[in-house]
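As stored in start.cif (mmCIF, C-alpha atoms):
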```
data_input
#
loop_
_atom_site.label_atom_id
_atom_site.label_comp_id
_atom_site.auth_asym_id
_atom_site.auth_seq_id
_atom_site.Cartn_x
_atom_site.Cartn_y
_atom_site.Cartn_z
CA MET A 1 68.43 67.12 128.21
CA CYS A 2 65.77 69.28 129.81
CA GLN A 3 67.95 72.23 130.77
CA TYR A 4 70.06 72.19 127.60
CA THR A 5 67.10 71.99 125.22
CA PHE A 6 65.25 74.77 127.06
CA LEU A 7 68.22 77.15 126.76
CA ALA A 8 68.68 76.07 123.14
CA ALA A 9 65.02 76.87 122.48
CA ILE A 10 65.61 80.36 123.84
CA LYS A 11 68.68 80.71 121.63
CA TYR A 12 66.88 79.72 118.43
CA SER A 13 63.60 81.51 119.23
CA ASN A 14 63.09 83.65 122.34
CA SER A 15 62.26 83.24 126.02
CA ALA A 16 58.49 83.58 125.48
CA THR A 17 58.41 80.85 122.84
CA ALA A 18 60.60 78.52 124.87
CA THR A 19 58.47 79.02 127.99
CA VAL A 20 55.21 78.29 126.18
CA LEU A 21 56.61 75.21 124.43
CA GLN A 22 58.10 73.81 127.63
CA SER A 23 54.76 74.31 129.40
CA LEU A 24 53.37 71.62 127.09
CA ASN A 25 54.99 69.16 129.51
CA VAL A 26 51.77 69.55 131.52
CA VAL A 27 49.76 68.08 128.65
CA LEU A 28 52.30 65.35 127.92
CA MET A 29 52.55 64.35 131.58
CA ALA A 30 48.77 64.09 131.97
CA ILE A 31 48.49 61.94 128.82
CA VAL A 32 51.35 59.65 129.85
CA MET A 33 49.94 59.14 133.35
CA ALA A 34 46.43 58.54 131.99
CA VAL A 35 47.75 55.85 129.63
CA TRP A 36 50.00 54.36 132.32
CA ASN A 37 47.19 54.16 134.88
CA ARG A 38 44.62 53.22 132.22
CA LYS A 39 42.38 55.93 133.54
CA ARG A 40 40.70 58.85 131.81
CA MET A 41 41.59 62.36 132.81
CA SER A 42 38.88 64.02 134.86
CA ARG A 43 37.13 67.17 133.71
CA ILE A 44 38.80 69.13 136.51
CA GLN A 45 42.21 67.86 135.44
CA ILE A 46 41.56 68.82 131.82
CA ALA A 47 40.40 72.26 132.94
CA ALA A 48 43.55 72.68 135.03
CA ILE A 49 45.73 71.80 132.03
CA ILE A 50 43.91 74.30 129.81
CA LEU A 51 44.26 77.02 132.44
CA ALA A 52 47.95 76.24 132.95
CA VAL A 53 48.92 76.36 129.29
CA SER A 54 46.68 79.36 128.55
CA GLY A 55 47.97 81.31 131.56
CA THR A 56 51.57 80.56 130.63
CA TYR A 57 50.94 81.70 127.07
CA LEU A 58 49.37 84.99 128.16
CA ILE A 59 52.13 85.75 130.65
CA ALA A 60 54.99 84.79 128.33
CA THR A 61 53.67 86.52 125.21
CA LYS A 62 51.41 89.20 126.75
CA GLY A 63 48.72 87.80 124.46
CA ASN A 64 50.56 88.84 121.31
CA PRO A 65 51.33 85.83 119.07
CA VAL A 66 53.71 87.98 117.05
CA SER A 67 56.10 87.96 120.02
CA MET A 68 56.59 84.24 119.52
CA ASP A 69 59.45 83.45 117.18
CA ILE A 70 58.80 79.85 116.17
CA SER A 71 61.74 78.75 114.03
CA ALA A 72 62.20 75.09 113.15
CA LYS A 73 65.08 74.64 115.60
CA GLY A 74 63.28 76.62 118.30
CA LEU A 75 60.18 74.43 117.91
CA ILE A 76 62.17 71.19 118.05
CA PHE A 77 64.21 72.19 121.09
CA GLY A 78 61.12 73.56 122.87
CA ILE A 79 59.23 70.29 122.42
CA LEU A 80 62.31 68.32 123.49
CA ALA A 81 62.45 70.48 126.63
CA ALA A 82 58.85 69.53 127.42
CA ILE A 83 59.64 65.86 126.82
CA GLY A 84 62.72 66.21 129.01
CA VAL A 85 60.60 67.37 131.94
CA VAL A 86 58.36 64.32 131.59
CA ILE A 87 61.31 61.94 131.33
CA TYR A 88 63.30 63.12 134.32
CA THR A 89 60.17 63.50 136.45
CA LEU A 90 58.93 59.96 135.87
CA LEU A 91 62.27 58.14 135.79
CA SER A 92 63.42 59.78 139.02
CA ARG A 93 60.43 58.72 141.13
CA PRO A 94 61.48 55.16 142.04
CA ILE A 95 65.15 55.96 142.68
CA ILE A 96 64.33 59.06 144.73
CA ALA A 97 62.16 56.86 146.94
CA SER A 98 65.22 54.69 147.62
CA TRP A 99 68.09 57.15 147.64
CA GLY A 100 66.64 60.57 148.32
CA ASN A 101 66.15 63.69 146.22
CA LEU A 102 69.49 65.46 146.72
CA THR A 103 71.55 62.38 145.93
CA ILE A 104 69.73 61.73 142.65
CA THR A 105 69.76 65.39 141.65
CA GLY A 106 73.48 65.63 142.41
CA TRP A 107 74.37 62.52 140.42
CA GLY A 108 72.14 63.58 137.54
CA MET A 109 73.83 66.96 137.27
CA LEU A 110 77.29 65.44 137.68
CA ILE A 111 76.74 62.95 134.86
CA GLY A 112 74.98 65.42 132.57
CA GLY A 113 77.52 68.13 133.34
CA SER A 114 80.43 65.77 132.66
CA VAL A 115 79.04 64.85 129.23
CA LEU A 116 78.48 68.49 128.25
CA PHE A 117 81.87 69.44 129.75
CA PHE A 118 83.69 67.40 127.10
CA LEU A 119 81.25 68.04 124.25
CA THR A 120 81.45 71.81 124.66
CA ARG A 121 85.12 71.97 125.77
CA ALA A 122 84.03 73.89 128.86
CA TRP A 123 87.61 74.06 130.15
CA ILE A 124 88.16 76.90 127.66
CA PHE A 125 86.89 79.90 129.62
CA PRO A 126 85.60 82.94 127.69
CA THR A 127 87.89 85.91 128.15
CA ASN A 128 85.36 88.69 127.65
CA LEU A 129 83.02 87.94 130.57
CA GLU A 130 82.88 90.56 133.31
CA LEU A 131 82.01 89.98 136.97
CA PRO A 132 78.23 90.60 136.56
CA ALA A 133 78.12 87.91 133.85
CA TRP A 134 79.83 85.38 136.12
CA ILE A 135 77.40 86.21 138.92
CA ILE A 136 74.45 85.66 136.58
CA ILE A 137 75.88 82.30 135.49
CA ALA A 138 76.32 81.30 139.14
CA VAL A 139 72.70 82.23 139.91
CA ILE A 140 71.47 80.19 136.92
CA VAL A 141 73.51 77.15 138.00
CA ILE A 142 72.83 77.26 141.74
CA ILE A 143 69.32 78.67 142.04
CA GLY A 144 67.80 78.15 138.60
CA THR A 145 69.14 74.63 138.14
CA ALA A 146 70.33 72.90 141.33
CA VAL A 147 67.76 74.37 143.72
CA GLY A 148 64.97 74.46 141.13
CA PHE A 149 65.34 70.81 140.11
CA SER A 150 65.75 69.64 143.72
CA VAL A 151 62.63 71.41 144.96
CA PHE A 152 60.59 70.24 141.97
CA LEU A 153 61.58 66.59 142.37
CA GLU A 154 60.88 66.81 146.10
CA SER A 155 57.35 67.96 145.27
CA VAL A 156 56.90 65.00 142.91
CA LYS A 157 57.53 62.67 145.85
CA TYR A 158 54.65 64.17 147.84
CA ILE A 159 52.00 65.22 145.30
CA GLY A 160 52.84 63.24 142.18
CA PRO A 161 54.05 64.17 138.66
CA VAL A 162 50.87 65.67 137.21
CA LYS A 163 50.21 68.11 140.04
CA SER A 164 53.90 69.02 140.22
CA THR A 165 54.06 69.93 136.54
CA LEU A 166 50.81 71.88 136.85
CA LEU A 167 52.17 73.88 139.77
CA GLY A 168 55.40 74.32 137.80
CA CYS A 169 53.44 76.69 135.58
CA LEU A 170 53.80 79.20 138.41
CA GLU A 171 57.37 79.71 137.19
CA PRO A 172 56.64 82.29 134.46
CA ALA A 173 54.20 84.05 136.77
CA SER A 174 56.76 84.29 139.57
CA ALA A 175 59.41 85.45 137.09
CA THR A 176 57.15 88.26 135.91
CA ILE A 177 56.36 89.28 139.48
CA LEU A 178 60.06 89.35 140.37
CA SER A 179 60.82 91.45 137.29
CA ALA A 180 58.17 93.90 138.44
CA LEU A 181 59.58 94.07 141.97
CA VAL A 182 63.26 94.20 140.98
CA LEU A 183 63.17 95.94 137.61
CA GLY A 184 60.01 98.00 138.00
CA THR A 185 58.24 96.28 135.10
CA ARG A 186 54.52 97.06 134.95
CA PHE A 187 51.85 94.42 134.51
CA THR A 188 49.56 94.51 131.50
CA VAL A 189 45.90 93.52 131.65
CA VAL A 190 46.69 90.37 129.65
CA GLU A 191 49.40 89.38 132.13
CA LEU A 192 46.99 89.84 135.03
CA ILE A 193 44.50 87.57 133.27
CA GLY A 194 47.31 85.03 132.86
CA PHE A 195 48.07 85.26 136.59
CA VAL A 196 44.42 84.57 137.39
CA LEU A 197 44.42 81.51 135.12
CA VAL A 198 47.61 80.13 136.66
CA VAL A 199 46.31 80.69 140.19
CA GLY A 200 43.13 78.91 139.13
CA THR A 201 45.35 76.00 138.09
CA VAL A 202 46.74 75.83 141.61
CA PHE A 203 43.31 75.61 143.21
CA LEU A 204 42.14 72.98 140.72
CA SER A 205 45.33 70.96 141.28
CA VAL A 206 44.82 70.94 145.02
CA SER A 207 41.20 69.82 144.63
CA THR A 208 41.95 66.87 142.34
CA LYS A 209 43.08 63.39 143.26
CA GLU A 210 45.82 61.89 141.12
#
```
Translate this file's structure into structure tokens.
Amino acid sequence: MCQYTFLAAIKYSNSATATVLQSLNVVLMAIVMAVWNRKRMSRIQIAAIILAVSGTYLIATKGNPVSMDISAKGLIFGILAAIGVVIYTLLSRPIIASWGNLTITGWGMLIGGSVLFFLTRAWIFPTNLELPAWIIIAVIVIIGTAVGFSVFLESVKYIGPVKSTLLGCLEPASATILSALVLGTRFTVVELIGFVLVVGTVFLSVSTKE
């Protein structure tokens, strides 16, 4: 659900919109955990959430709201992506404690992949894809999905769901840095401000107790 809805959000809007909408999982996760534990969020935690969402917005959109293409389908899929993060993060905690991260991640991807395999008729390979396209797909599957989900769920085991989702906001920042290193993209002042906000989230996350 999480991976499919995020890519669908990109399809029906754009990457900036999808990234910002998915980052709302930080807010949803904090609310769910506060209700579950019957405990109010601390001021530091609220500040960290504001910094995380604000930093993600600045990095993804460069501070220009016009760059966000919020169609009805894009909005729905983006919110579903945020909900998906909350669902798989919380539901996986007890079974990961018993069976381990890699086992649960592997089974989750096998089951989800099997369902989508038949729904999308994935056995029909596109004929117009060249080698670079196949390499990109492999990177998305192996690094962006398998490794990304495994590392994230491993962090949940040690620092909890709220801090993990907060630190997950480093993703758009790291993507922008990599684009600068690999593609030569230059940072804007707004992006640098976004980096500062996201880094501030990291320090606040480390200083809070869940």
Practice prompt. Check the smallest atom-to-atom distance from each of A:Leu102, A:Leu7, A:Ala18, A:Ala173 to Ile193 in chain A using all atoms listed in the file, then report the winner.
Written response: A:Ala173
Discussion item. So that I can see what lies close to Asn14 in chain A, please list as number ranges by chain the residues with an atom at most 12 Å from it, counting only C-alpha atoms and leaving out residues fewer than 5 positions away in the same chain.
Written reply: A: 6-9, 19-21, 60-61, 66-71, 73-75, 77-78
Can you spit out the residues from that selection as a CSV table (one decimal), in the coordinates of the input, using C-alpha atoms?
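Result written to out-v7.csv:
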```
chain,number,residue,atom,x,y,z
A,6,PHE,CA,65.2,74.8,127.1
A,7,LEU,CA,68.2,77.2,126.8
A,8,ALA,CA,68.7,76.1,123.1
A,9,ALA,CA,65.0,76.9,122.5
A,19,THR,CA,58.5,79.0,128.0
A,20,VAL,CA,55.2,78.3,126.2
A,21,LEU,CA,56.6,75.2,124.4
A,60,ALA,CA,55.0,84.8,128.3
A,61,THR,CA,53.7,86.5,125.2
A,66,VAL,CA,53.7,88.0,117.0
A,67,SER,CA,56.1,88.0,120.0
A,68,MET,CA,56.6,84.2,119.5
A,69,ASP,CA,59.4,83.4,117.2
A,70,ILE,CA,58.8,79.8,116.2
A,71,SER,CA,61.7,78.8,114.0
A,73,LYS,CA,65.1,74.6,115.6
A,74,GLY,CA,63.3,76.6,118.3
A,75,LEU,CA,60.2,74.4,117.9
A,77,PHE,CA,64.2,72.2,121.1
A,78,GLY,CA,61.1,73.6,122.9
```
Fill in: Near-Leu192 in chain A list (10 Å; only C-alpha atoms; drop same-chain fewer than 2 positions) as a ChimeraX atom specification
/A:55,58-59,62,173,187-190,194-198
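Note that CA of Ser150 in chain A and CA of Asn101 in chain A are 6.5 Å apart.
Straight-line separation from CA of Ile135 in chain A to CA of Gly148 in chain A: 17.2 Å.
Between Val199 in chain A and the candidates A:Val115, A:Ile31, A:Val162, A:Ala52, the tightest atom-to-atom separation, counting only C-alpha atoms, involves A:Ala52.
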Practice prompt. Would you mind listing what lies within 8 Å of range 89-94 of chain A as an MDAnalysis selection string, with only C-alpha atoms counted and same-chain residues fewer than 5 positions away left out?
Written response: chainID A and resid 104 153 156:157 161
